[in-house]
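See below for the structure under consideration.
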Amino acid sequence: MAYKLPDLGYDYSALEPHIDARTMEIHHTKHHAAYTSKLNDAVENTDLANKSIEEIFAGVSKLSPAVRNNGGGFYNHKLFWEWIAPGSGKEMDANLKAAIDKAFGSLDKFKEEFSNAAATRFGSGWAWLVKLDNGDLVVTSTPNQDNPLMDVADVKGKPILGLDVWEHAYYLNYQNRRPDYISAFWNVVNWDKVAALYNE
């Protein structure tokens, strides 16, 4: 089963001015494409080639760095393109809003906690909104291309929203101003996708 680079489903310029077209193009056609290609190389002719990415993550601590890093890079970005979309800002799904209010007190308090996790992740990594097995929502972050599905994660669960805070995701437009990029992210969050994952 070869992994394939997914289409974005929208133009590279569709998220401007919040995320610029050149960053989107490089991020998708260079970074994500490289993770996809290297993941395929890493699992080719192994017993991992027939496993789902979720099955691979469940035992990633015993696998090579090439599988862990490129598997995470492939999967995280695949979801990231769906978590950001043009024309966002529609009314939030009632179930998701109730869960966020229960976990964090309000949407604004959730955004504050998530933004802080993204801003304080040292070096490269991701911030996450995670649905735990019991249905509760928590915010966490991971280094590099790790994610909450991996057996190495401090907080394990289903990622329903994630933000890439590697410099390649924002440096062309925001340089060293990661908090400005995080703030801009809220203008393009696809809450419909977040709600779909939450309600699955």
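By order in the structure tokens, chains are A, B, ...; within a chain, residues start at 1; ligands start at 1, following the order shown.
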> Just asking: which residues within chain A are strand (DSSP E or B) according to DSSP, as a list in words?
Replying inline: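 The residues of chain A classed as strand (DSSP E or B) are Ile84, Gly125, Trp126, Ala127, Trp128, Leu129, Val130, Lys131, Leu137, Val138, Val139, Thr140, Ser141, Thr142, Pro143, Lys158, Pro159, Ile160, Leu161, Gly162, Leu163, Asp164 and Val189 of chain A.
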Got a sec: who's within 10 Å of stretch 104-121 of chain A, counting only C-alpha atoms, leaving out chain neighbours fewer than 5 positions off, as a compact mmCIF listing (two decimals) with all heavy atoms, in the first residue's frame?
# COMPACT_ATOMS: atom_id res chain seq x y z
N LYS A 97 -18.93 22.40 20.48
CA LYS A 97 -18.91 23.60 21.32
C LYS A 97 -19.16 23.23 22.78
O LYS A 97 -18.48 23.74 23.69
CB LYS A 97 -19.93 24.62 20.85
CG LYS A 97 -19.84 25.93 21.64
CD LYS A 97 -20.71 27.01 21.08
CE LYS A 97 -20.45 28.35 21.76
NZ LYS A 97 -20.25 28.27 23.21
N ALA A 98 -20.11 22.34 23.02
CA ALA A 98 -20.40 21.92 24.40
C ALA A 98 -19.19 21.22 25.03
O ALA A 98 -18.88 21.44 26.21
CB ALA A 98 -21.62 21.00 24.42
N ALA A 99 -18.50 20.40 24.23
CA ALA A 99 -17.33 19.68 24.75
C ALA A 99 -16.19 20.65 25.06
O ALA A 99 -15.49 20.50 26.07
CB ALA A 99 -16.87 18.64 23.73
N TRP A 126 4.28 20.28 17.04
CA TRP A 126 2.85 20.49 16.79
C TRP A 126 2.12 20.76 18.09
O TRP A 126 2.50 20.24 19.14
CB TRP A 126 2.24 19.24 16.15
CG TRP A 126 2.70 18.98 14.75
CD1 TRP A 126 3.93 18.51 14.35
CD2 TRP A 126 1.94 19.18 13.55
NE1 TRP A 126 3.98 18.40 12.99
CE2 TRP A 126 2.77 18.80 12.47
CE3 TRP A 126 0.66 19.63 13.29
CZ2 TRP A 126 2.34 18.87 11.15
CZ3 TRP A 126 0.22 19.69 11.98
CH2 TRP A 126 1.07 19.32 10.91
N ALA A 127 1.05 21.55 18.01
CA ALA A 127 0.08 21.68 19.10
C ALA A 127 -1.17 20.92 18.68
O ALA A 127 -1.52 20.87 17.50
CB ALA A 127 -0.26 23.14 19.34
N TRP A 128 -1.85 20.32 19.68
CA TRP A 128 -2.97 19.43 19.39
C TRP A 128 -4.16 19.67 20.31
O TRP A 128 -3.97 19.96 21.51
CB TRP A 128 -2.55 17.97 19.59
CG TRP A 128 -1.38 17.52 18.81
CD1 TRP A 128 -0.08 17.39 19.26
CD2 TRP A 128 -1.36 17.12 17.43
NE1 TRP A 128 0.72 16.93 18.25
CE2 TRP A 128 -0.03 16.76 17.11
CE3 TRP A 128 -2.35 17.03 16.44
CZ2 TRP A 128 0.35 16.32 15.85
CZ3 TRP A 128 -1.99 16.59 15.18
CH2 TRP A 128 -0.65 16.24 14.90
N LEU A 129 -5.36 19.49 19.75
CA LEU A 129 -6.57 19.26 20.54
C LEU A 129 -6.87 17.78 20.39
O LEU A 129 -7.03 17.29 19.26
CB LEU A 129 -7.73 20.11 20.04
CG LEU A 129 -9.09 19.87 20.73
CD1 LEU A 129 -9.01 20.21 22.21
CD2 LEU A 129 -10.19 20.67 20.05
N LEU A 137 -11.75 16.32 26.19
CA LEU A 137 -10.83 17.06 25.32
C LEU A 137 -9.68 17.62 26.13
O LEU A 137 -9.89 18.15 27.23
CB LEU A 137 -11.56 18.20 24.61
CG LEU A 137 -12.67 17.82 23.64
CD1 LEU A 137 -13.29 19.08 23.03
CD2 LEU A 137 -12.15 16.91 22.54
N VAL A 138 -8.47 17.53 25.59
CA VAL A 138 -7.28 18.11 26.23
C VAL A 138 -6.40 18.73 25.15
O VAL A 138 -6.46 18.35 23.98
CB VAL A 138 -6.46 17.06 27.02
CG1 VAL A 138 -7.25 16.51 28.19
CG2 VAL A 138 -5.97 15.95 26.12
N VAL A 139 -5.60 19.70 25.58
CA VAL A 139 -4.60 20.31 24.71
C VAL A 139 -3.24 19.77 25.08
O VAL A 139 -2.92 19.59 26.26
CB VAL A 139 -4.63 21.85 24.86
CG1 VAL A 139 -3.36 22.49 24.27
CG2 VAL A 139 -5.87 22.43 24.20
N THR A 140 -2.42 19.49 24.08
CA THR A 140 -1.06 19.03 24.31
C THR A 140 -0.19 19.48 23.14
O THR A 140 -0.67 20.10 22.20
CB THR A 140 -1.02 17.49 24.48
OG1 THR A 140 0.28 17.08 24.89
CG2 THR A 140 -1.37 16.78 23.17
N SER A 141 1.09 19.17 23.21
CA SER A 141 1.99 19.41 22.08
C SER A 141 2.98 18.26 22.01
O SER A 141 3.19 17.54 22.99
CB SER A 141 2.71 20.75 22.20
OG SER A 141 3.67 20.73 23.24
N THR A 142 3.56 18.09 20.83
CA THR A 142 4.55 17.03 20.63
C THR A 142 5.74 17.60 19.87
O THR A 142 5.60 18.56 19.11
CB THR A 142 3.97 15.86 19.80
OG1 THR A 142 3.47 16.36 18.56
CG2 THR A 142 2.87 15.14 20.56
N PRO A 143 6.92 17.01 20.05
CA PRO A 143 8.09 17.45 19.30
C PRO A 143 8.12 16.87 17.90
O PRO A 143 7.48 15.84 17.61
CB PRO A 143 9.25 16.91 20.13
CG PRO A 143 8.71 15.64 20.73
CD PRO A 143 7.26 15.94 21.01
N ASN A 144 8.84 17.53 17.04
CA ASN A 144 9.13 17.02 15.69
C ASN A 144 7.85 16.65 14.95
O ASN A 144 6.94 17.46 14.84
CB ASN A 144 10.13 15.87 15.79
CG ASN A 144 11.41 16.31 16.49
OD1 ASN A 144 11.93 17.37 16.18
ND2 ASN A 144 11.88 15.54 17.44
N LEU A 161 -7.64 18.41 16.13
CA LEU A 161 -7.14 19.67 15.58
C LEU A 161 -5.65 19.73 15.86
O LEU A 161 -5.20 19.36 16.95
CB LEU A 161 -7.83 20.88 16.21
CG LEU A 161 -7.36 22.26 15.74
CD1 LEU A 161 -7.68 22.48 14.26
CD2 LEU A 161 -7.98 23.37 16.58
N GLY A 162 -4.88 20.18 14.88
CA GLY A 162 -3.44 20.31 15.07
C GLY A 162 -2.90 21.52 14.34
O GLY A 162 -3.44 21.93 13.31
N LEU A 163 -1.84 22.07 14.90
CA LEU A 163 -1.16 23.21 14.27
C LEU A 163 0.33 22.90 14.14
O LEU A 163 1.00 22.60 15.13
CB LEU A 163 -1.36 24.49 15.09
CG LEU A 163 -0.62 25.73 14.60
CD1 LEU A 163 -1.01 26.08 13.16
CD2 LEU A 163 -0.85 26.92 15.52
N ASP A 164 0.82 23.01 12.93
CA ASP A 164 2.23 22.80 12.61
C ASP A 164 3.00 24.05 13.03
O ASP A 164 2.76 25.13 12.51
CB ASP A 164 2.35 22.57 11.10
CG ASP A 164 3.76 22.19 10.65
OD1 ASP A 164 4.70 22.30 11.46
OD2 ASP A 164 3.90 21.79 9.48
N VAL A 165 3.93 23.91 13.98
CA VAL A 165 4.76 25.05 14.38
C VAL A 165 6.22 24.85 14.00
O VAL A 165 7.12 25.48 14.56
CB VAL A 165 4.61 25.40 15.88
CG1 VAL A 165 3.21 25.91 16.16
CG2 VAL A 165 4.93 24.22 16.79
N TRP A 166 6.47 23.99 13.02
CA TRP A 166 7.80 23.99 12.40
C TRP A 166 7.97 25.32 11.67
O TRP A 166 7.00 25.87 11.12
CB TRP A 166 7.89 22.85 11.38
CG TRP A 166 8.11 21.49 11.94
CD1 TRP A 166 7.26 20.80 12.76
CD2 TRP A 166 9.22 20.63 11.70
NE1 TRP A 166 7.79 19.56 13.04
CE2 TRP A 166 8.99 19.43 12.41
CE3 TRP A 166 10.39 20.77 10.95
CZ2 TRP A 166 9.90 18.37 12.39
CZ3 TRP A 166 11.28 19.70 10.93
CH2 TRP A 166 11.04 18.53 11.65
N ARG A 177 8.16 35.42 14.16
CA ARG A 177 6.98 35.83 14.92
C ARG A 177 5.95 34.69 14.98
O ARG A 177 4.84 34.79 14.44
CB ARG A 177 6.36 37.09 14.30
CG ARG A 177 7.33 38.26 14.21
CD ARG A 177 6.65 39.55 13.78
NE ARG A 177 5.78 39.39 12.61
CZ ARG A 177 6.21 39.42 11.34
NH1 ARG A 177 7.50 39.60 11.08
NH2 ARG A 177 5.35 39.29 10.34
N ARG A 178 6.33 33.62 15.62
CA ARG A 178 5.42 32.47 15.72
C ARG A 178 4.07 32.85 16.32
O ARG A 178 3.03 32.39 15.83
CB ARG A 178 6.06 31.34 16.53
CG ARG A 178 5.19 30.08 16.56
CD ARG A 178 5.69 29.03 17.54
NE ARG A 178 6.88 28.34 17.08
CZ ARG A 178 7.43 27.31 17.71
NH1 ARG A 178 6.87 26.86 18.84
NH2 ARG A 178 8.52 26.73 17.26
N PRO A 179 4.01 33.70 17.37
CA PRO A 179 2.69 34.06 17.92
C PRO A 179 1.78 34.74 16.89
O PRO A 179 0.55 34.53 16.94
CB PRO A 179 3.03 35.02 19.07
CG PRO A 179 4.39 34.59 19.51
CD PRO A 179 5.10 34.21 18.23
N ASP A 180 2.33 35.50 15.96
CA ASP A 180 1.50 36.11 14.92
C ASP A 180 0.91 35.05 13.98
O ASP A 180 -0.24 35.14 13.56
CB ASP A 180 2.31 37.12 14.10
CG ASP A 180 2.69 38.36 14.89
OD1 ASP A 180 2.18 38.53 16.02
OD2 ASP A 180 3.51 39.14 14.40
N TYR A 181 1.71 34.06 13.66
CA TYR A 181 1.24 32.93 12.83
C TYR A 181 0.13 32.17 13.56
O TYR A 181 -0.89 31.81 12.96
CB TYR A 181 2.42 32.03 12.51
CG TYR A 181 2.11 30.62 12.07
CD1 TYR A 181 1.49 30.35 10.85
CD2 TYR A 181 2.45 29.54 12.89
CE1 TYR A 181 1.23 29.04 10.45
CE2 TYR A 181 2.19 28.23 12.50
CZ TYR A 181 1.58 27.99 11.29
OH TYR A 181 1.32 26.69 10.90
N ILE A 182 0.33 31.92 14.84
CA ILE A 182 -0.68 31.20 15.63
C ILE A 182 -1.98 31.99 15.66
O ILE A 182 -3.07 31.43 15.48
CB ILE A 182 -0.16 30.94 17.06
CG1 ILE A 182 1.06 30.01 17.02
CG2 ILE A 182 -1.26 30.35 17.94
CD1 ILE A 182 1.85 29.96 18.32
N SER A 183 -1.88 33.29 15.84
CA SER A 183 -3.08 34.13 15.84
C SER A 183 -3.79 34.08 14.49
O SER A 183 -5.03 34.00 14.42
CB SER A 183 -2.67 35.57 16.19
OG SER A 183 -3.79 36.41 16.18
N PHE A 185 -3.77 31.65 12.39
CA PHE A 185 -4.32 30.31 12.22
C PHE A 185 -5.82 30.26 12.55
O PHE A 185 -6.60 29.59 11.86
CB PHE A 185 -3.53 29.34 13.10
CG PHE A 185 -4.15 27.99 13.32
CD1 PHE A 185 -4.20 27.05 12.30
CD2 PHE A 185 -4.66 27.64 14.58
CE1 PHE A 185 -4.75 25.79 12.53
CE2 PHE A 185 -5.20 26.39 14.80
CZ PHE A 185 -5.25 25.46 13.77
N TRP A 186 -6.24 30.99 13.58
CA TRP A 186 -7.64 30.93 13.99
C TRP A 186 -8.58 31.47 12.92
O TRP A 186 -9.78 31.15 12.94
CB TRP A 186 -7.84 31.67 15.31
CG TRP A 186 -7.09 31.02 16.44
CD1 TRP A 186 -6.04 31.54 17.14
CD2 TRP A 186 -7.29 29.70 16.96
NE1 TRP A 186 -5.59 30.64 18.08
CE2 TRP A 186 -6.34 29.51 18.00
CE3 TRP A 186 -8.19 28.68 16.68
CZ2 TRP A 186 -6.27 28.33 18.73
CZ3 TRP A 186 -8.12 27.50 17.40
CH2 TRP A 186 -7.17 27.33 18.42
>> Quick one: residues within 12 Å of A:Asn50, only C-alpha atoms, excluding same-chain residues fewer than 5 positions away - as JSON, numbers by chain?
In response: {"A": [1, 2, 3, 40, 43, 44, 45, 55, 56]}
> Pick the closest to A:Gly71 from A:His31, A:Asp101, A:Gln145, A:Ala14: which is it, counting only C-alpha atoms?
Replying inline: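 Looking at the shortest contact to A:Gly71, the residue is A:Gln145.
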>> With only C-alpha atoms as the counted atoms, please give the residues lying no more than 10 Å from stretch 73-88 of chain A, apart from itself and same-chain residues fewer than 5 positions off, as a ChimeraX atom specification.
In response: /A:3-11,13-16,19,24,27-28,31-40,53-54,67-68,126,144-147,159-164,185-194
Restricting it to N, CA and C atoms, dump the selection as a compact mmCIF listing (two decimals), in the first residue's frame.
# COMPACT_ATOMS: atom_id res chain seq x y z
N TYR A 3 1.69 5.13 0.12
CA TYR A 3 1.08 6.36 0.61
C TYR A 3 1.17 7.42 -0.48
N LYS A 4 0.11 8.23 -0.60
CA LYS A 4 0.05 9.23 -1.68
C LYS A 4 -0.10 10.62 -1.10
N LEU A 5 0.58 11.57 -1.73
CA LEU A 5 0.44 12.97 -1.35
C LEU A 5 -0.98 13.42 -1.68
N PRO A 6 -1.75 13.86 -0.70
CA PRO A 6 -3.13 14.27 -0.99
C PRO A 6 -3.18 15.65 -1.65
N ASP A 7 -4.23 15.87 -2.41
CA ASP A 7 -4.50 17.21 -2.92
C ASP A 7 -5.00 18.08 -1.77
N LEU A 8 -4.77 19.39 -1.90
CA LEU A 8 -5.26 20.30 -0.87
C LEU A 8 -6.77 20.45 -0.92
N GLY A 9 -7.30 20.48 -2.12
CA GLY A 9 -8.73 20.75 -2.27
C GLY A 9 -9.04 22.22 -2.40
N TYR A 10 -8.01 23.05 -2.42
CA TYR A 10 -8.16 24.49 -2.63
C TYR A 10 -6.84 25.04 -3.15
N ASP A 11 -6.87 26.25 -3.68
CA ASP A 11 -5.67 26.86 -4.25
C ASP A 11 -4.67 27.24 -3.16
N SER A 13 -3.27 29.94 -2.80
CA SER A 13 -3.53 31.32 -2.38
C SER A 13 -4.82 31.47 -1.57
N ALA A 14 -5.55 30.38 -1.36
CA ALA A 14 -6.89 30.47 -0.79
C ALA A 14 -6.92 30.94 0.66
N LEU A 15 -5.80 30.82 1.37
CA LEU A 15 -5.78 31.18 2.79
C LEU A 15 -5.15 32.54 3.04
N GLU A 16 -4.80 33.24 1.97
CA GLU A 16 -4.23 34.58 2.15
C GLU A 16 -5.29 35.52 2.70
N ILE A 19 -2.23 32.80 5.61
CA ILE A 19 -1.11 31.94 5.23
C ILE A 19 -0.87 32.17 3.74
N MET A 24 2.39 27.92 1.38
CA MET A 24 1.53 26.76 1.17
C MET A 24 2.09 25.84 0.08
N HIS A 27 5.30 24.16 1.36
CA HIS A 27 4.94 23.24 2.45
C HIS A 27 4.34 21.96 1.88
N HIS A 28 3.47 22.10 0.89
CA HIS A 28 2.78 20.94 0.31
C HIS A 28 3.66 20.18 -0.68
N HIS A 31 7.85 19.85 1.40
CA HIS A 31 7.94 19.20 2.71
C HIS A 31 7.04 17.97 2.80
N HIS A 32 5.74 18.15 2.54
CA HIS A 32 4.83 17.01 2.66
C HIS A 32 5.16 15.94 1.63
N ALA A 33 5.50 16.36 0.43
CA ALA A 33 5.87 15.39 -0.61
C ALA A 33 7.09 14.57 -0.19
N ALA A 34 8.05 15.22 0.47
CA ALA A 34 9.26 14.50 0.91
C ALA A 34 8.93 13.50 2.01
N TYR A 35 8.09 13.89 2.97
CA TYR A 35 7.69 12.95 4.02
C TYR A 35 7.00 11.73 3.42
N THR A 36 6.14 11.97 2.43
CA THR A 36 5.39 10.89 1.80
C THR A 36 6.32 9.93 1.08
N SER A 37 7.22 10.48 0.29
CA SER A 37 8.17 9.66 -0.46
C SER A 37 9.08 8.86 0.47
N LYS A 38 9.59 9.51 1.51
CA LYS A 38 10.51 8.84 2.43
C LYS A 38 9.81 7.79 3.28
N LEU A 39 8.52 8.02 3.59
CA LEU A 39 7.77 7.00 4.31
C LEU A 39 7.62 5.75 3.44
N ASN A 40 7.26 5.96 2.19
CA ASN A 40 7.14 4.82 1.27
C ASN A 40 8.45 4.06 1.16
N ILE A 53 -1.49 3.39 8.84
CA ILE A 53 -0.60 4.33 9.52
C ILE A 53 -0.89 4.33 11.03
N GLU A 54 -2.15 4.12 11.41
CA GLU A 54 -2.50 4.07 12.83
C GLU A 54 -1.87 2.85 13.50
N VAL A 67 10.83 5.75 9.89
CA VAL A 67 9.39 5.45 9.90
C VAL A 67 8.65 6.42 10.83
N ARG A 68 9.20 6.63 12.01
CA ARG A 68 8.55 7.52 12.99
C ARG A 68 8.45 8.94 12.45
N TRP A 126 4.28 20.28 17.04
CA TRP A 126 2.85 20.49 16.79
C TRP A 126 2.12 20.76 18.09
N ASN A 144 8.84 17.53 17.04
CA ASN A 144 9.13 17.02 15.69
C ASN A 144 7.85 16.65 14.95
N GLN A 145 7.75 15.41 14.42
CA GLN A 145 6.53 14.99 13.73
C GLN A 145 5.76 13.95 14.54
N ASP A 146 5.98 13.90 15.83
CA ASP A 146 5.21 13.00 16.68
C ASP A 146 3.76 13.48 16.75
N ASN A 147 2.87 12.57 17.15
CA ASN A 147 1.47 12.94 17.33
C ASN A 147 0.84 12.07 18.42
N PRO A 159 -6.25 12.90 17.64
CA PRO A 159 -6.09 14.32 17.33
C PRO A 159 -7.26 14.81 16.48
N ILE A 160 -7.94 15.86 16.96
CA ILE A 160 -9.05 16.42 16.19
C ILE A 160 -8.74 17.82 15.67
N LEU A 161 -7.64 18.41 16.13
CA LEU A 161 -7.14 19.67 15.58
C LEU A 161 -5.65 19.73 15.86
N GLY A 162 -4.88 20.18 14.88
CA GLY A 162 -3.44 20.31 15.07
C GLY A 162 -2.90 21.52 14.34
N LEU A 163 -1.84 22.07 14.90
CA LEU A 163 -1.16 23.21 14.27
C LEU A 163 0.33 22.90 14.14
N ASP A 164 0.82 23.01 12.93
CA ASP A 164 2.23 22.80 12.61
C ASP A 164 3.00 24.05 13.03
N PHE A 185 -3.77 31.65 12.39
CA PHE A 185 -4.32 30.31 12.22
C PHE A 185 -5.82 30.26 12.55
N TRP A 186 -6.24 30.99 13.58
CA TRP A 186 -7.64 30.93 13.99
C TRP A 186 -8.58 31.47 12.92
N ASN A 187 -8.08 32.24 11.98
CA ASN A 187 -8.91 32.76 10.90
C ASN A 187 -9.19 31.73 9.81
N VAL A 188 -8.47 30.62 9.82
CA VAL A 188 -8.62 29.63 8.75
C VAL A 188 -8.95 28.22 9.27
N VAL A 189 -9.25 28.09 10.56
CA VAL A 189 -9.59 26.76 11.10
C VAL A 189 -10.90 26.28 10.49
N ASN A 190 -10.88 25.06 10.01
CA ASN A 190 -12.05 24.41 9.44
C ASN A 190 -12.78 23.66 10.57
N TRP A 191 -13.67 24.36 11.25
CA TRP A 191 -14.35 23.77 12.40
C TRP A 191 -15.25 22.61 12.00
N ASP A 192 -15.69 22.58 10.74
CA ASP A 192 -16.50 21.45 10.28
C ASP A 192 -15.71 20.15 10.34
N LYS A 193 -14.43 20.21 9.96
CA LYS A 193 -13.57 19.03 10.01
C LYS A 193 -13.30 18.62 11.46
N VAL A 194 -13.05 19.61 12.32
CA VAL A 194 -12.81 19.32 13.73
C VAL A 194 -14.04 18.63 14.33
>> Report, in Å to a single decimal, how far apart atom CA of A:Met150 and atom CA of A:Ala58 are.
In response: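 So the answer is 5.4 Å.
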> Counting only C-alpha atoms, which of A:Ala196, A:Phe122, A:Gly72, A:Gly135 gets nearest to A:Ile100?
Replying inline: A:Gly135
